[in-house]
>>> print(open('data.json').read())   # JSON, C-alpha atoms
[["chain", "number", "residue", "atom", "x", "y", "z"],
["A", 1, "MET", "CA", -97.01, -50.07, 30.38],
["A", 2, "THR", "CA", -100.68, -51.03, 30.39],
["A", 3, "ASP", "CA", -99.91, -54.74, 30.47],
["A", 4, "THR", "CA", -97.56, -54.25, 33.41],
["A", 5, "THR", "CA", -100.16, -52.24, 35.31],
["A", 6, "GLU", "CA", -102.85, -54.85, 34.66],
["A", 7, "THR", "CA", -100.49, -57.60, 35.83],
["A", 8, "ASP", "CA", -99.71, -55.68, 39.02],
["A", 9, "LYS", "CA", -103.41, -55.14, 39.69],
["A", 10, "THR", "CA", -104.12, -58.81, 39.09],
["A", 11, "GLY", "CA", -101.27, -59.81, 41.41],
["A", 12, "ILE", "CA", -102.51, -57.51, 44.17],
["A", 13, "GLY", "CA", -106.07, -58.73, 43.67],
["A", 14, "ARG", "CA", -104.96, -62.33, 44.01],
["A", 15, "MET", "CA", -103.18, -61.57, 47.28],
["A", 16, "LEU", "CA", -106.14, -59.78, 48.85],
["A", 17, "PRO", "CA", -107.86, -62.88, 50.31],
["A", 18, "ILE", "CA", -104.72, -64.19, 52.03],
["A", 19, "LEU", "CA", -103.80, -60.67, 53.19],
["A", 20, "LEU", "CA", -107.30, -60.28, 54.65],
["A", 21, "ILE", "CA", -106.97, -63.58, 56.48],
["A", 22, "GLY", "CA", -103.58, -62.58, 57.85],
["A", 23, "THR", "CA", -104.82, -59.17, 58.98],
["A", 24, "VAL", "CA", -107.89, -60.58, 60.71],
["A", 25, "ALA", "CA", -105.79, -63.32, 62.31],
["A", 26, "VAL", "CA", -103.38, -60.81, 63.82],
["A", 27, "ALA", "CA", -106.19, -58.53, 64.99],
["A", 28, "GLY", "CA", -108.12, -61.48, 66.42],
["A", 29, "ALA", "CA", -105.10, -62.74, 68.32],
["A", 30, "PHE", "CA", -105.11, -59.50, 70.33],
["A", 31, "THR", "CA", -108.83, -58.71, 70.56],
["A", 32, "LEU", "CA", -110.48, -62.12, 70.95],
["A", 33, "LYS", "CA", -108.03, -64.00, 73.16],
["A", 34, "ASP", "CA", -110.10, -63.23, 76.29],
["A", 35, "TYR", "CA", -113.44, -64.15, 74.68],
["A", 36, "LEU", "CA", -112.79, -67.48, 72.97],
["A", 37, "THR", "CA", -111.59, -69.23, 76.13],
["A", 38, "PHE", "CA", -112.64, -72.09, 78.37],
["A", 39, "GLN", "CA", -113.54, -69.61, 81.12],
["A", 40, "ALA", "CA", -115.81, -67.69, 78.75],
["A", 41, "LEU", "CA", -117.57, -70.96, 77.90],
["A", 42, "ALA", "CA", -117.95, -71.78, 81.58],
["A", 43, "ASP", "CA", -119.34, -68.33, 82.38],
["A", 44, "ASN", "CA", -121.89, -68.43, 79.54],
["A", 45, "ARG", "CA", -122.83, -72.10, 79.60],
["A", 46, "GLU", "CA", -126.34, -71.61, 80.97],
["A", 47, "ALA", "CA", -127.21, -68.93, 78.41],
["A", 48, "LEU", "CA", -125.85, -71.11, 75.59],
["A", 49, "LEU", "CA", -127.86, -74.13, 76.71],
["A", 50, "ALA", "CA", -131.01, -72.04, 77.07],
["A", 51, "PHE", "CA", -130.59, -70.62, 73.56],
["A", 52, "ARG", "CA", -129.96, -74.10, 72.15],
["A", 53, "ASP", "CA", -133.10, -75.45, 73.81],
["A", 54, "SER", "CA", -135.24, -72.62, 72.45],
["A", 55, "ASN", "CA", -133.77, -72.58, 68.94],
["A", 56, "TYR", "CA", -131.88, -75.77, 68.11],
["A", 57, "VAL", "CA", -131.58, -75.32, 64.34],
["A", 58, "GLY", "CA", -130.51, -71.68, 64.71],
["A", 59, "THR", "CA", -127.91, -72.69, 67.28],
["A", 60, "VAL", "CA", -126.50, -75.38, 64.98],
["A", 61, "LEU", "CA", -126.27, -73.02, 62.00],
["A", 62, "GLY", "CA", -124.84, -70.18, 64.09],
["A", 63, "PHE", "CA", -122.29, -72.51, 65.67],
["A", 64, "ILE", "CA", -121.12, -73.84, 62.29],
["A", 65, "VAL", "CA", -120.79, -70.32, 60.88],
["A", 66, "ILE", "CA", -118.80, -69.06, 63.89],
["A", 67, "TYR", "CA", -116.55, -72.14, 63.96],
["A", 68, "THR", "CA", -115.96, -71.83, 60.20],
["A", 69, "LEU", "CA", -114.91, -68.18, 60.61],
["A", 70, "ILE", "CA", -112.60, -69.07, 63.50],
["A", 71, "VAL", "CA", -110.79, -71.62, 61.32],
["A", 72, "ALA", "CA", -110.91, -69.58, 58.11],
["A", 73, "PHE", "CA", -109.31, -66.54, 59.77],
["A", 74, "SER", "CA", -107.02, -68.59, 62.05],
["A", 75, "LEU", "CA", -108.52, -66.96, 65.12],
["A", 76, "PRO", "CA", -107.73, -68.20, 68.62],
["A", 77, "GLY", "CA", -110.27, -70.60, 70.07],
["A", 78, "ALA", "CA", -110.58, -73.50, 67.59],
["A", 79, "THR", "CA", -110.11, -76.02, 70.41],
["A", 80, "ILE", "CA", -112.67, -74.22, 72.57],
["A", 81, "ALA", "CA", -115.06, -74.24, 69.61],
["A", 82, "THR", "CA", -114.64, -78.01, 69.32],
["A", 83, "LEU", "CA", -115.34, -78.43, 73.03],
["A", 84, "THR", "CA", -118.38, -76.20, 72.67],
["A", 85, "GLY", "CA", -119.69, -78.41, 69.89],
["A", 86, "GLY", "CA", -119.56, -81.37, 72.24],
["A", 87, "PHE", "CA", -120.99, -79.41, 75.16],
["A", 88, "LEU", "CA", -123.99, -78.16, 73.17],
["A", 89, "PHE", "CA", -124.70, -81.12, 70.90],
["A", 90, "ALA", "CA", -123.08, -84.18, 72.58],
["A", 91, "THR", "CA", -120.40, -86.33, 70.93],
["A", 92, "PHE", "CA", -122.82, -87.01, 68.08],
["A", 93, "PRO", "CA", -123.96, -85.00, 66.19],
["A", 94, "GLY", "CA", -121.49, -82.54, 67.77],
["A", 95, "ALA", "CA", -118.50, -84.20, 66.09],
["A", 96, "LEU", "CA", -120.26, -83.98, 62.73],
["A", 97, "PHE", "CA", -120.91, -80.25, 63.18],
["A", 98, "ASN", "CA", -117.30, -79.71, 64.26],
["A", 99, "MET", "CA", -115.87, -81.58, 61.28],
["A", 100, "THR", "CA", -118.15, -79.77, 58.85],
["A", 101, "ALA", "CA", -117.18, -76.33, 60.16],
["A", 102, "ALA", "CA", -113.47, -77.17, 60.36],
["A", 103, "THR", "CA", -113.51, -78.49, 56.79],
["A", 104, "LEU", "CA", -115.28, -75.39, 55.47],
["A", 105, "GLY", "CA", -112.84, -73.08, 57.28],
["A", 106, "ALA", "CA", -109.85, -75.09, 56.09],
["A", 107, "THR", "CA", -111.16, -74.92, 52.52],
["A", 108, "ALA", "CA", -111.39, -71.14, 52.74],
["A", 109, "ILE", "CA", -107.71, -70.90, 53.71],
["A", 110, "PHE", "CA", -106.76, -73.43, 51.04],
["A", 111, "MET", "CA", -108.56, -71.47, 48.32],
["A", 112, "ALA", "CA", -107.19, -68.11, 49.47],
["A", 113, "ALA", "CA", -103.62, -69.42, 49.53],
["A", 114, "ARG", "CA", -104.00, -71.11, 46.16],
["A", 115, "TRP", "CA", -105.51, -68.01, 44.61],
["A", 116, "GLY", "CA", -102.77, -65.82, 46.08],
["A", 117, "PHE", "CA", -99.58, -67.70, 45.34],
["A", 118, "GLY", "CA", -100.23, -71.44, 45.37],
["A", 119, "GLU", "CA", -100.78, -71.73, 41.62],
["A", 120, "LYS", "CA", -97.58, -69.85, 40.76],
["A", 121, "LEU", "CA", -95.53, -71.80, 43.29],
["A", 122, "GLY", "CA", -97.01, -75.08, 42.07],
["A", 123, "ALA", "CA", -96.13, -74.19, 38.48],
["A", 124, "LYS", "CA", -92.57, -73.31, 39.49],
["A", 125, "LEU", "CA", -92.16, -76.60, 41.35],
["A", 126, "GLU", "CA", -93.54, -78.51, 38.35],
["A", 127, "ALA", "CA", -91.10, -76.75, 36.02],
["A", 128, "SER", "CA", -88.10, -77.24, 38.31],
["A", 129, "ASP", "CA", -85.40, -79.87, 37.89],
["A", 130, "GLY", "CA", -83.43, -82.20, 40.11],
["A", 131, "MET", "CA", -84.35, -83.08, 43.69],
["A", 132, "VAL", "CA", -87.11, -80.48, 44.01],
["A", 133, "LYS", "CA", -88.97, -81.97, 41.05],
["A", 134, "LYS", "CA", -88.50, -85.50, 42.43],
["A", 135, "ILE", "CA", -89.99, -84.48, 45.76],
["A", 136, "LYS", "CA", -92.89, -82.79, 44.01],
["A", 137, "ASP", "CA", -93.52, -85.88, 41.85],
["A", 138, "GLY", "CA", -93.31, -88.14, 44.90],
["A", 139, "ILE", "CA", -95.95, -86.10, 46.71],
["A", 140, "ASP", "CA", -98.16, -86.03, 43.61],
["A", 141, "GLU", "CA", -98.00, -89.82, 43.32],
["A", 142, "ASN", "CA", -99.02, -90.27, 46.95],
["A", 143, "GLN", "CA", -101.39, -87.34, 47.49],
["A", 144, "TRP", "CA", -104.10, -89.24, 49.33],
["A", 145, "SER", "CA", -101.64, -90.80, 51.76],
["A", 146, "MET", "CA", -99.79, -87.52, 52.35],
["A", 147, "LEU", "CA", -103.02, -85.58, 52.89],
["A", 148, "PHE", "CA", -104.33, -88.06, 55.44],
["A", 149, "LEU", "CA", -100.95, -88.19, 57.19],
["A", 150, "ILE", "CA", -100.74, -84.44, 57.79],
["A", 151, "ARG", "CA", -104.29, -84.51, 59.17],
["A", 152, "LEU", "CA", -103.77, -87.51, 61.43],
["A", 153, "VAL", "CA", -100.42, -86.52, 62.98],
["A", 154, "PRO", "CA", -101.29, -84.32, 66.00],
["A", 155, "ALA", "CA", -97.93, -82.54, 65.79],
["A", 156, "VAL", "CA", -98.80, -80.94, 62.41],
["A", 157, "PRO", "CA", -100.52, -77.57, 63.03],
["A", 158, "PHE", "CA", -103.95, -77.35, 61.40],
["A", 159, "PHE", "CA", -103.02, -74.10, 59.64],
["A", 160, "VAL", "CA", -99.93, -75.70, 58.09],
["A", 161, "ALA", "CA", -101.98, -78.69, 56.93],
["A", 162, "ASN", "CA", -104.27, -76.22, 55.15],
["A", 163, "LEU", "CA", -101.49, -74.29, 53.41],
["A", 164, "VAL", "CA", -99.14, -77.02, 52.20],
["A", 165, "PRO", "CA", -101.66, -78.70, 49.84],
["A", 166, "SER", "CA", -102.41, -75.33, 48.21],
["A", 167, "PHE", "CA", -98.79, -75.19, 47.01],
["A", 168, "LEU", "CA", -98.86, -78.72, 45.57],
["A", 169, "GLU", "CA", -101.75, -78.51, 43.09],
["A", 170, "VAL", "CA", -103.98, -80.75, 45.19],
["A", 171, "PRO", "CA", -107.52, -80.84, 43.70],
["A", 172, "LEU", "CA", -110.13, -79.06, 45.83],
["A", 173, "ARG", "CA", -112.37, -82.13, 46.08],
["A", 174, "ARG", "CA", -109.46, -84.28, 47.27],
["A", 175, "PHE", "CA", -108.46, -81.66, 49.83],
["A", 176, "MET", "CA", -111.99, -81.44, 51.27],
["A", 177, "ILE", "CA", -112.50, -85.19, 51.45],
["A", 178, "SER", "CA", -109.13, -85.86, 53.10],
["A", 179, "THR", "CA", -109.67, -83.00, 55.54],
["A", 180, "PHE", "CA", -113.15, -84.13, 56.60],
["A", 181, "PHE", "CA", -112.19, -87.75, 57.12],
["A", 182, "GLY", "CA", -108.64, -87.08, 58.31],
["A", 183, "ILE", "CA", -109.77, -84.96, 61.26],
["A", 184, "ILE", "CA", -112.31, -87.52, 62.49],
["A", 185, "PRO", "CA", -110.10, -89.03, 65.25],
["A", 186, "GLY", "CA", -109.09, -85.69, 66.80],
["A", 187, "SER", "CA", -112.56, -84.22, 66.40],
["A", 188, "VAL", "CA", -114.27, -87.16, 68.06],
["A", 189, "VAL", "CA", -111.82, -87.14, 70.98],
["A", 190, "TYR", "CA", -112.17, -83.42, 71.73],
["A", 191, "THR", "CA", -115.91, -83.41, 71.05],
["A", 192, "SER", "CA", -116.34, -86.22, 73.58],
["A", 193, "VAL", "CA", -114.33, -84.17, 76.08],
["A", 194, "GLY", "CA", -116.69, -81.27, 75.43],
["A", 195, "ALA", "CA", -119.70, -83.55, 75.92],
["A", 196, "GLY", "CA", -118.49, -84.19, 79.47],
["A", 197, "LEU", "CA", -117.94, -80.55, 80.35],
["A", 198, "GLY", "CA", -121.11, -80.37, 82.46],
["A", 199, "ALA", "CA", -119.50, -82.50, 85.17],
["A", 200, "VAL", "CA", -116.20, -80.65, 84.78],
["A", 201, "PHE", "CA", -117.97, -77.31, 85.32],
["A", 202, "GLU", "CA", -119.71, -78.66, 88.40],
["A", 203, "ARG", "CA", -116.35, -79.63, 89.93],
["A", 204, "GLY", "CA", -114.81, -76.28, 89.01],
["A", 205, "GLU", "CA", -112.08, -77.99, 87.01],
["A", 206, "THR", "CA", -110.67, -77.61, 83.51],
["A", 207, "PRO", "CA", -110.76, -80.35, 80.84],
["A", 208, "ASN", "CA", -107.75, -82.49, 80.06],
["A", 209, "LEU", "CA", -106.81, -81.28, 76.58],
["A", 210, "GLY", "CA", -103.74, -83.50, 76.55],
["A", 211, "ILE", "CA", -105.96, -86.57, 76.46],
["A", 212, "ILE", "CA", -105.19, -87.12, 72.77],
["A", 213, "PHE", "CA", -101.59, -87.98, 73.71],
["A", 214, "GLU", "CA", -102.59, -90.64, 76.23],
["A", 215, "PRO", "CA", -101.64, -94.19, 75.15],
["A", 216, "GLN", "CA", -105.20, -95.45, 74.63],
["A", 217, "ILE", "CA", -105.90, -92.51, 72.28],
["A", 218, "ILE", "CA", -102.60, -91.84, 70.53],
["A", 219, "GLY", "CA", -102.01, -95.58, 69.91],
["A", 220, "PRO", "CA", -104.90, -96.03, 67.43],
["A", 221, "ILE", "CA", -104.08, -92.68, 65.80],
["A", 222, "ILE", "CA", -100.49, -93.81, 65.23],
["A", 223, "GLY", "CA", -101.92, -97.00, 63.75],
["A", 224, "LEU", "CA", -103.97, -94.92, 61.31],
["A", 225, "CYS", "CA", -100.85, -92.91, 60.42],
["A", 226, "VAL", "CA", -98.97, -96.11, 59.64],
["A", 227, "LEU", "CA", -101.91, -97.31, 57.54],
["A", 228, "ALA", "CA", -101.94, -94.01, 55.63],
["A", 229, "ALA", "CA", -98.19, -94.22, 55.04],
["A", 230, "LEU", "CA", -98.29, -97.86, 53.93],
["A", 231, "PRO", "CA", -98.91, -97.14, 50.20],
["A", 232, "ILE", "CA", -95.93, -94.76, 50.19],
["A", 233, "LEU", "CA", -93.67, -97.40, 51.78],
["A", 234, "ILE", "CA", -94.85, -100.09, 49.36],
["A", 235, "LYS", "CA", -94.16, -97.87, 46.35],
["A", 236, "ALA", "CA", -90.71, -96.98, 47.74],
["A", 237, "VAL", "CA", -89.81, -100.67, 48.23],
["A", 238, "ARG", "CA", -91.10, -101.63, 44.80],
["A", 239, "GLY", "CA", -89.21, -98.75, 43.23],
["A", 240, "LYS", "CA", -85.94, -99.88, 44.79],
["A", 241, "GLN", "CA", -86.51, -103.48, 43.76],
["A", 242, "GLY", "CA", -87.61, -102.52, 40.24],
["A", 243, "LEU", "CA", -91.01, -104.15, 40.69]]
>>> encode(input="data.json", output="structure tokens")
Amino acid sequence: MTDTTETDKTGIGRMLPILLIGTVAVAGAFTLKDYLTFQALADNREALLAFRDSNYVGTVLGFIVIYTLIVAFSLPGATIATLTGGFLFATFPGALFNMTAATLGATAIFMAARWGFGEKLGAKLEASDGMVKKIKDGIDENQWSMLFLIRLVPAVPFFVANLVPSFLEVPLRRFMISTFFGIIPGSVVYTSVGAGLGAVFERGETPNLGIIFEPQIIGPIIGLCVLAALPILIKAVRGKQGL
């Protein structure tokens, strides 16, 4: 009876972080949707620039903390936060601040999911037989390539790219490195858009957030995806040929 109770408590305790993230995410979707918007940035741009000019280091640290919390709790406004990084700090070092905050927030979700149910699910997949085990082994053998692929492909939601590795026993260090470097293309593109927001505000327009899908942008990203997938393809060909 005591062992069962302790197990239940441990199980509930492990789920608390992911439950907290889910609760805050739902609450934030309803309460913050009107605050973390492009219009809110436009309305407060002068105050933000004035604060940055008077306290640059404090602005950088505060920005990274806020952006990290937005990602960690899956709150609305991650794209606006990226634009803000470019608007306040230019393409560089703005992109560096954006990537740092996004990586920290992603790591928080990764750790919460792993702590909650990722370890158990990973153990079950490892102990399984047949096709499921083959898929798991295939992913394990090509972790670096798979991690970079899910970061580079724009169609993969950021939240999904944070959760999937937590189920597959990906080492924390590998997850953080692949996240930081894998989000460079998208971060640089949107940070550069943010860096040009001053002129956009002056014209009373809104930024083109679909720019990442324009040929001159998506072309190189697809090239990087192919490069990331190349080791997987080579292993598959060698496997079939018995090399």
>>> residues_around(input="data.json", residues="segment 178-186 of chain A", least_positions_apart="4", cutoff="8 Å", atoms="only C-alpha atoms", output="JSON, numbers by chain")
{"A": [95, 99, 100, 102, 103, 106, 144, 147, 148, 149, 151, 152, 154, 174, 190, 212, 221]}
>>> residues_around(input="data.json", residues="segment 58-65 of chain A", least_positions_apart="3", cutoff="7 Å", atoms="all atoms listed in the file", output="NGL selection string")
:A and (52 or 55 or 68-69 or 97 or 101)
>>> closest_residue(input="data.json", among="A:Pro76, A:Gly94, A:Gly198, A:Gly22", to="Glu46 of chain A", atoms="all atoms listed in the file")
A:Gly198
>>> residues_around(input="data.json", residues="Asn208 of chain A", least_positions_apart="2", cutoff="12 Å", atoms="all atoms listed in the file", output="list in words")
Phe38, Thr79, Leu83, Val189, Tyr190, Ser192, Val193, Gly194, Gly196, Leu197, Val200, Glu205, Thr206, Gly210, Ile211, Ile212, Phe213 and Glu214 of chain A
>>> residues_around(input="data.json", residues="Ala72 of chain A", least_positions_apart="3", cutoff="12 Å", atoms="all atoms listed in the file", output="count of residues only")
34
>>> atom_distance(input="data.json", atom1="atom CA of Trp115 of chain A", atom2="atom CA of Gly77 of chain A")
26.0 Å
>>> atom_distance(input="data.json", atom1="atom CA of Phe167 of chain A", atom2="atom CA of Gln143 of chain A")
12.4 Å
>>> atom_distance(input="data.json", atom1="atom CA of Ala228 of chain A", atom2="atom CA of Val170 of chain A")
17.0 Å
